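A.B. asks: Sharing data-v4.txt (compact mmCIF, C-alpha atoms) below.
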```txt
# COMPACT_ATOMS: atom_id res chain seq x y z
CA TRP A 1 86.26 129.61 109.09
CA SER A 2 87.24 131.05 105.74
CA MET A 3 89.37 129.25 103.17
CA THR A 4 92.16 131.73 103.89
CA GLN A 5 92.14 130.78 107.58
CA LEU A 6 92.15 127.08 106.71
CA ALA A 7 94.91 127.42 104.11
CA LEU A 8 97.06 129.40 106.54
CA ALA A 9 97.54 126.19 108.54
CA SER A 10 99.22 124.53 105.55
CA SER A 11 101.32 127.64 104.99
CA LEU A 12 102.47 127.71 108.63
CA ARG A 13 103.32 124.03 108.40
CA GLY A 14 105.28 124.78 105.24
CA VAL A 15 107.25 127.59 106.91
CA GLU A 16 108.00 125.31 109.85
CA SER A 17 109.07 122.47 107.55
CA GLY A 18 111.29 124.82 105.58
CA ILE A 19 112.99 126.09 108.72
CA PHE A 20 113.57 122.68 110.30
CA THR A 21 114.29 120.66 107.14
CA PRO A 22 118.06 121.41 107.13
CA LEU A 23 118.27 120.40 110.81
CA LEU A 24 116.34 117.21 110.08
CA GLY A 25 118.74 116.52 107.22
CA ILE A 26 121.71 116.72 109.60
CA ALA A 27 119.93 114.34 112.00
CA VAL A 28 119.19 111.86 109.19
CA ASP A 29 122.85 111.84 108.14
CA ARG A 30 124.00 111.07 111.71
CA TRP A 31 121.33 109.08 113.58
CA SER A 32 119.54 105.74 113.25
CA ALA A 33 116.69 105.67 110.73
CA ARG A 34 114.60 103.41 112.96
CA LYS A 35 114.82 105.75 115.95
CA LEU A 36 114.04 108.81 113.85
CA VAL A 37 110.99 107.14 112.27
CA MET A 38 109.64 106.14 115.69
CA ILE A 39 110.09 109.70 116.93
CA GLY A 40 108.46 111.09 113.78
CA LEU A 41 105.49 108.70 114.06
CA CYS A 42 104.84 109.75 117.66
CA ILE A 43 105.04 113.46 116.82
CA THR A 44 102.75 113.02 113.80
CA ALA A 45 100.18 111.08 115.81
CA ILE A 46 100.20 113.69 118.59
CA GLY A 47 99.68 116.44 116.01
CA ILE A 48 96.78 114.68 114.28
CA ILE A 49 95.08 113.81 117.58
CA SER A 50 95.54 117.43 118.69
CA ILE A 51 93.81 118.67 115.52
CA SER A 52 90.94 116.26 116.21
CA GLN A 53 90.32 118.08 119.50
CA THR A 54 90.33 121.54 117.91
CA GLN A 55 88.06 124.10 119.55
CA ASN A 56 89.53 127.29 118.07
CA LEU A 57 91.94 128.50 115.39
CA ALA A 58 94.93 128.59 117.74
CA MET A 59 94.54 124.88 118.55
CA TYR A 60 94.09 124.14 114.84
CA TYR A 61 97.32 125.89 113.89
CA ILE A 62 99.33 124.38 116.76
CA GLY A 63 98.16 120.90 115.79
CA PHE A 64 99.28 121.46 112.21
CA LEU A 65 102.68 122.68 113.35
CA VAL A 66 103.21 119.60 115.52
CA MET A 67 102.02 117.27 112.75
CA GLY A 68 104.22 119.06 110.21
CA MET A 69 107.32 118.40 112.28
CA GLY A 70 106.61 114.67 112.30
CA THR A 71 105.58 114.29 108.66
CA SER A 72 108.58 116.31 107.44
CA LEU A 73 110.73 113.55 108.87
CA ILE A 74 108.84 110.33 108.13
CA THR A 75 107.40 111.08 104.68
CA GLY A 76 109.88 113.55 103.25
CA MET A 77 113.44 113.64 104.43
CA LEU A 78 114.28 110.25 105.87
CA PRO A 79 112.90 107.72 103.34
CA VAL A 80 114.51 109.30 100.28
CA THR A 81 117.83 109.58 102.10
CA VAL A 82 117.79 105.89 103.01
CA ILE A 83 116.76 104.98 99.43
CA SER A 84 119.68 107.01 98.05
CA ARG A 85 122.06 104.91 100.15
CA TRP A 86 120.60 101.57 99.09
CA PHE A 87 120.25 102.13 95.33
CA ARG A 88 122.44 103.32 92.47
CA LYS A 89 121.35 101.85 89.15
CA GLY A 90 117.70 101.46 90.15
CA ILE A 91 117.23 104.58 92.28
CA GLY A 92 114.61 106.10 89.96
CA LYS A 93 112.47 102.97 90.08
CA ALA A 94 112.93 102.70 93.87
CA ASN A 95 111.82 106.31 94.41
CA GLY A 96 108.90 105.81 92.05
CA LEU A 97 107.77 102.82 94.10
CA TYR A 98 108.11 104.77 97.36
CA TYR A 99 106.11 107.75 96.10
CA THR A 100 103.40 105.43 94.80
CA GLY A 101 102.39 105.21 98.45
CA THR A 102 101.72 108.94 98.69
CA ALA A 103 99.68 108.77 95.50
CA LEU A 104 97.63 105.91 96.93
CA GLY A 105 96.55 108.29 99.68
CA GLY A 106 95.15 110.64 97.04
CA VAL A 107 93.24 107.82 95.37
CA LEU A 108 91.49 107.16 98.69
CA VAL A 109 90.22 110.75 99.05
CA PRO A 110 86.60 109.78 98.10
CA VAL A 111 86.68 107.08 100.80
CA LEU A 112 87.93 109.68 103.27
CA VAL A 113 85.11 112.05 102.27
CA ILE A 114 82.55 109.30 102.97
CA ILE A 115 84.10 108.53 106.38
CA VAL A 116 84.16 112.23 107.30
CA ASP A 117 80.51 112.61 106.25
CA ARG A 118 79.52 109.67 108.47
CA LEU A 119 81.78 110.06 111.51
CA GLY A 120 82.73 113.73 111.37
CA TRP A 121 86.19 115.08 110.69
CA GLN A 122 87.24 115.12 114.37
CA THR A 123 86.49 111.44 114.97
CA THR A 124 88.13 110.52 111.66
CA LEU A 125 91.31 112.34 112.66
CA LEU A 126 91.31 110.81 116.13
CA TYR A 127 91.19 107.28 114.71
CA SER A 128 93.80 108.21 112.08
CA GLY A 129 96.27 109.33 114.73
CA PHE A 130 96.17 105.97 116.49
CA ALA A 131 96.16 104.06 113.19
CA ILE A 132 99.40 105.72 112.10
CA LEU A 133 101.13 104.42 115.23
CA LEU A 134 99.69 100.91 114.94
CA VAL A 135 100.68 100.53 111.29
CA GLY A 136 103.88 102.57 111.20
CA ALA A 137 105.72 101.40 114.32
CA PRO A 138 106.16 97.73 113.27
CA MET A 139 107.22 98.76 109.76
CA ALA A 140 109.84 101.15 111.15
CA LEU A 141 111.68 98.20 112.72
CA VAL A 142 112.81 96.86 109.31
CA LEU A 143 114.72 100.01 108.36
CA ARG A 144 118.52 99.95 108.04
CA ASN A 145 120.64 103.03 107.37
CA TRP A 146 123.18 101.47 104.99
CA PRO A 147 123.49 98.25 102.92
CA ALA A 148 126.71 97.49 104.83
CA GLU A 149 124.60 96.79 107.93
CA LYS A 150 123.31 93.73 106.06
CA GLY A 151 126.68 92.87 104.51
CA LEU A 152 125.64 94.23 101.09
CA LEU A 153 126.63 96.83 98.52
CA PRO A 154 124.06 99.20 96.94
CA ASP A 155 121.41 97.55 94.74
CA GLY A 156 121.60 94.43 96.94
CA LYS A 157 124.87 93.19 95.44
CA MET A 158 127.13 90.86 97.41
CA PRO A 159 130.68 92.22 97.90
CA GLU A 160 132.35 89.08 96.57
CA VAL A 161 130.12 89.06 93.47
CA ALA A 162 130.26 92.74 92.61
CA GLY A 163 133.94 92.84 91.64
CA SER A 164 136.05 95.91 91.09
CA THR A 165 134.60 96.67 87.65
CA THR A 166 130.98 96.74 88.80
CA PRO A 167 129.53 100.25 89.24
CA ALA A 168 128.16 99.30 92.65
CA ALA A 169 131.67 98.60 93.88
CA LYS A 170 132.99 102.05 93.03
CA PRO A 171 133.63 104.31 96.04
CA ASP A 172 130.92 106.90 96.48
CA PHE A 173 131.92 110.51 95.97
CA SER A 174 130.72 113.10 98.44
CA THR A 175 130.16 116.81 97.91
CA GLY A 176 130.39 119.03 100.98
CA VAL A 177 127.36 121.11 101.95
CA LYS A 178 129.14 124.46 101.50
CA GLU A 179 130.50 123.31 98.15
CA ALA A 180 127.02 122.23 97.01
CA LEU A 181 125.57 125.64 97.91
CA ARG A 182 128.15 127.28 95.66
CA MET A 183 127.28 125.09 92.68
CA ARG A 184 124.99 126.41 89.97
CA ALA A 185 123.38 122.97 89.57
CA PHE A 186 122.06 123.12 93.14
CA TRP A 187 120.20 126.35 92.48
CA HIS A 188 118.87 125.13 89.12
CA ILE A 189 117.35 122.12 90.89
CA VAL A 190 115.89 124.37 93.61
CA VAL A 191 114.23 126.77 91.13
CA VAL A 192 112.74 123.97 89.04
CA THR A 193 111.35 122.10 92.04
CA LEU A 194 109.95 125.14 93.83
CA PHE A 195 107.75 125.97 90.83
CA GLN A 196 106.62 122.36 90.57
CA ASN A 197 105.82 122.13 94.28
CA GLY A 198 104.21 125.56 94.42
CA PHE A 199 101.61 124.70 91.80
CA LEU A 200 101.15 121.18 93.16
CA GLN A 201 100.43 122.30 96.72
CA THR A 202 98.13 125.11 95.60
CA LEU A 203 96.05 122.74 93.49
CA GLN A 204 95.94 120.12 96.26
CA THR A 205 94.77 122.69 98.81
CA PHE A 206 92.06 124.30 96.70
CA THR A 207 90.80 121.62 94.29
CA ILE A 208 87.58 120.78 96.15
CA PRO A 209 86.73 124.38 97.24
CA TYR A 210 87.41 125.72 93.75
CA MET A 211 85.44 123.00 91.97
CA THR A 212 82.43 123.53 94.26
CA SER A 213 82.67 127.30 93.68
CA VAL A 214 82.21 126.79 89.92
CA GLY A 215 79.19 124.54 90.39
CA LEU A 216 80.52 120.98 90.76
CA GLU A 217 79.38 118.67 93.57
CA ARG A 218 81.86 117.95 96.35
CA THR A 219 81.89 114.25 95.51
CA THR A 220 82.62 115.07 91.86
CA ALA A 221 85.50 117.29 92.92
CA ALA A 222 86.84 114.45 95.06
CA THR A 223 86.58 112.16 92.04
CA LEU A 224 88.68 114.65 90.09
CA ILE A 225 91.43 114.24 92.69
CA THR A 226 91.11 110.47 92.38
CA VAL A 227 91.51 110.64 88.60
CA TYR A 228 94.77 112.55 88.60
CA THR A 229 96.23 110.76 91.62
CA THR A 230 95.39 107.40 90.02
CA PHE A 231 97.26 108.33 86.85
CA SER A 232 100.06 109.71 89.01
CA MET A 233 100.21 106.54 91.10
CA ILE A 234 100.44 104.10 88.19
CA THR A 235 103.07 106.18 86.35
CA ARG A 236 105.49 106.96 89.19
CA ILE A 237 107.42 103.73 88.81
CA PRO A 238 107.57 104.05 84.98
CA MET A 239 108.77 107.66 85.32
CA GLY A 240 111.45 106.50 87.75
CA MET A 241 112.47 103.72 85.36
CA LEU A 242 112.72 106.27 82.53
CA SER A 243 115.15 108.28 84.66
CA ASP A 244 117.25 105.14 85.16
CA ARG A 245 117.42 104.59 81.40
CA PHE A 246 117.63 108.14 80.01
CA ARG A 247 119.11 111.41 81.19
CA LYS A 248 117.28 112.40 84.39
CA THR A 249 117.02 116.10 83.56
CA HIS A 250 115.25 115.28 80.28
CA VAL A 251 112.66 113.22 82.14
CA VAL A 252 112.17 116.12 84.59
CA ALA A 253 111.58 118.46 81.63
CA LEU A 254 108.96 116.07 80.26
CA ALA A 255 107.21 116.00 83.65
CA ILE A 256 107.14 119.80 83.85
CA THR A 257 105.63 120.07 80.36
CA LEU A 258 102.84 117.61 81.17
CA GLN A 259 102.12 119.30 84.51
CA THR A 260 101.78 122.66 82.77
CA ILE A 261 99.36 121.26 80.17
CA GLY A 262 97.31 119.77 83.02
CA LEU A 263 97.09 123.13 84.80
CA LEU A 264 95.82 124.79 81.64
CA VAL A 265 93.12 122.10 81.24
CA PHE A 266 92.14 122.56 84.91
CA TRP A 267 91.66 126.28 84.25
CA LEU A 268 89.10 125.45 81.53
CA MET A 269 86.83 123.42 83.86
CA ASN A 270 83.38 124.52 85.04
CA GLU A 271 79.98 123.03 85.96
CA SER A 272 79.45 121.81 82.37
CA THR A 273 82.87 120.18 82.01
CA PRO A 274 82.63 116.95 79.94
CA PHE A 275 84.10 113.78 81.41
CA TRP A 276 86.71 113.47 78.66
CA LEU A 277 88.22 116.79 79.76
CA ILE A 278 88.48 115.51 83.33
CA VAL A 279 90.28 112.44 82.01
CA ALA A 280 92.57 114.61 79.86
CA PHE A 281 93.42 116.69 82.92
CA GLY A 282 94.03 113.60 85.04
CA LEU A 283 96.27 112.00 82.42
CA SER A 284 98.45 115.05 81.75
CA TYR A 285 98.63 116.47 85.26
CA GLY A 286 98.86 113.05 86.90
CA ILE A 287 101.84 111.92 84.81
CA GLY A 288 103.40 115.36 85.25
CA ILE A 289 103.33 115.29 89.05
CA ALA A 290 104.46 111.65 88.97
CA GLY A 291 107.87 112.95 87.94
CA ILE A 292 108.30 115.62 90.63
CA MET A 293 109.36 113.93 93.85
CA PRO A 294 110.57 110.56 92.49
CA LEU A 295 113.12 112.36 90.29
CA ARG A 296 114.26 115.08 92.68
CA SER A 297 116.38 112.92 94.98
CA PRO A 298 118.02 110.86 92.18
CA VAL A 299 119.11 114.09 90.49
CA LEU A 300 120.50 115.44 93.77
CA MET A 301 122.33 112.18 94.46
CA GLU A 302 123.80 112.13 90.95
CA TYR A 303 125.28 115.59 91.47
CA PHE A 304 126.26 115.54 95.16
CA GLY A 305 126.67 111.92 96.33
CA THR A 306 125.19 110.24 99.40
CA LYS A 307 127.38 111.03 102.41
CA ASN A 308 125.83 114.46 103.02
CA PHE A 309 122.66 113.75 101.04
CA GLY A 310 120.23 114.38 103.93
CA THR A 311 121.72 117.78 104.72
CA ILE A 312 121.87 118.86 101.06
CA PHE A 313 118.34 117.57 100.46
CA GLY A 314 117.25 119.56 103.52
CA MET A 315 118.91 122.76 102.33
CA ALA A 316 117.16 122.44 98.96
CA GLY A 317 113.90 121.76 100.80
CA LEU A 318 114.31 124.95 102.85
CA PHE A 319 114.16 127.22 99.80
CA ILE A 320 111.61 125.09 97.97
CA THR A 321 109.21 125.00 100.92
CA LEU A 322 109.38 128.72 101.67
CA ALA A 323 108.74 129.52 98.01
CA SER A 324 105.81 127.10 97.94
CA VAL A 325 104.28 128.85 100.95
CA VAL A 326 104.34 132.13 99.05
```
Can you dump the structure from the file as structure tokens?
C.D. replies:
Amino acid sequence: WSMTQLALASSLRGVESGIFTPLLGIAVDRWSARKLVMIGLCITAIGIISISQTQNLAMYYIGFLVMGMGTSLITGMLPVTVISRWFRKGIGKANGLYYTGTALGGVLVPVLVIIVDRLGWQTTLLYSGFAILLVGAPMALVLRNWPAEKGLLPDGKMPEVAGSTTPAAKPDFSTGVKEALRMRAFWHIVVVTLFQNGFLQTLQTFTIPYMTSVGLERTTAATLITVYTTFSMITRIPMGMLSDRFRKTHVVALAITLQTIGLLVFWLMNESTPFWLIVAFGLSYGIGIAGIMPLRSPVLMEYFGTKNFGTIFGMAGLFITLASVV
């Protein structure tokens, strides 16, 4: 199969995610987080196991669509919504910690390449589908929608300690969905994030094929992914902490600048690329993408509140995802 045929699966998954994201946002605002995670885990596992049994392109695409439905819920929409309810002052750091997990997956790409080379991609996917259920299901049981379910205020504060002058004790404002869609800030956030995500997803999809096309070994290309995801992983919490201390939009602007510099360095690479240039790319691009997702939800929450956060986050995701597909 050609790279275009392979990449189309990610594009179809993106279209599907964009279409269903607003609906998932409504569900997250209304239903139990634990139940939704369990449903999402099962759908994701079914999708991955289906891909492992692929015999033709149609099966491949269907498997991606099923998997995309599950992952849109359990790794995108739901966690950041729950985090936005539990944190106020430390939301940037909390999101940075959460998205460190996704970066850790990128660091393990060379390990995945070795497993695929030894077991084959179908067996690897089959085992992965069952592993997601075994690891994810017990962890889903600890989720709670709101701090009030544990007798707490946001940031883990006790009601009797917080007092009326403490920021955590202030009533949360809530912007309606229709009102948010009419606000210029909403569309500014959408435009900024769609460019960030568009370049991020393109690079993630084509890093290894492109690097091998210019003469690098596949293992070297995988190492390149490890370099930038490692820098991204270790800087996501610091970037989140910066957004807690300084104006969030300024930290977003810094992240965009570093991501752009990284893309330009990536463009310069070929079979004779020195190691220092790989490190320079990993440092700039890694720190740049560290500020994409961890900062998006805190900015949205700062503007629109938490009551309808899932739905508003989903509406933003609809436009961002469709633009990323293009």
A.B. asks: Using all atoms listed in the file, can you tell me which of A:Arg247, A:Arg236, A:Arg30, A:Arg296 comes closest to Gly96 in chain A?
C.D. replies: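 Nearest candidate to Gly96 in chain A out of A:Arg247, A:Arg236, A:Arg30, A:Arg296: A:Arg236.
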A.B. asks: To one decimal place in Å, what is the distance between CA of Gly101 in chain A and CA of Met233 in chain A?
C.D. replies: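 CA of Met233 in chain A lies at a distance of 7.8 Å from CA of Gly101 in chain A.
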A.B. asks: Tell me, as a PyMOL selection string, which residues lie within 9 Å of Ala137 in chain A, counting all atoms listed in the file; anything in the same chain fewer than 6 positions away does not count.
C.D. replies: chain A and resi 37-38+41
A.B. asks: Just the residues within 12 Å of Ser2 in chain A, please, counting only C-alpha atoms, with nothing from its chain fewer than 6 positions along; format it as a PyMOL selection string.
C.D. replies: chain A and resi 8-9+57+209
A.B. asks: Would you export the selected residues with C-alpha atoms as a PDB file, in the frame of the given file, please?
C.D. replies:
```pdb
ATOM      1  CA  LEU A   8      97.060 129.400 106.540  1.00  0.00           C
ATOM      2  CA  ALA A   9      97.540 126.190 108.540  1.00  0.00           C
ATOM      3  CA  LEU A  57      91.940 128.500 115.390  1.00  0.00           C
ATOM      4  CA  PRO A 209      86.730 124.380  97.240  1.00  0.00           C
TER       5      PRO A 209
END
```
A.B. asks: Write out as a ChimeraX atom specification each polymer residue whose atoms come within 6 Å of range 105-114 of chain A, counting only C-alpha atoms; drop sequence neighbours fewer than 3 positions from it.
C.D. replies: /A:102,117,222,226,229-230
A.B. asks: Show me, as a list in words, the residues that have an atom within 8 Å of Ser284 in chain A when counting all atoms listed in the file, minus same-chain residues fewer than 4 positions from it.
C.D. replies: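 Counting all atoms listed in the file, the residues come to Leu258, Gln259, Ile261, Gly262, Ala280 and Gly288 of chain A.
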A.B. asks: Kindly give the distance, in Å, that separates CA of Met183 in chain A and CA of Leu36 in chain A, rounded to a single decimal.
C.D. replies: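 We find that CA of Met183 in chain A and CA of Leu36 in chain A lie 29.8 Å from each other.
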A.B. asks: Under the rule that all atoms listed in the file are counted, which of A:Pro159, A:Thr205, A:Lys307, A:Ile51 is the nearest residue to Val325 in chain A?
C.D. replies: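 When distances to Val325 in chain A are compared using all atoms listed in the file, the smallest one comes from A:Thr205.
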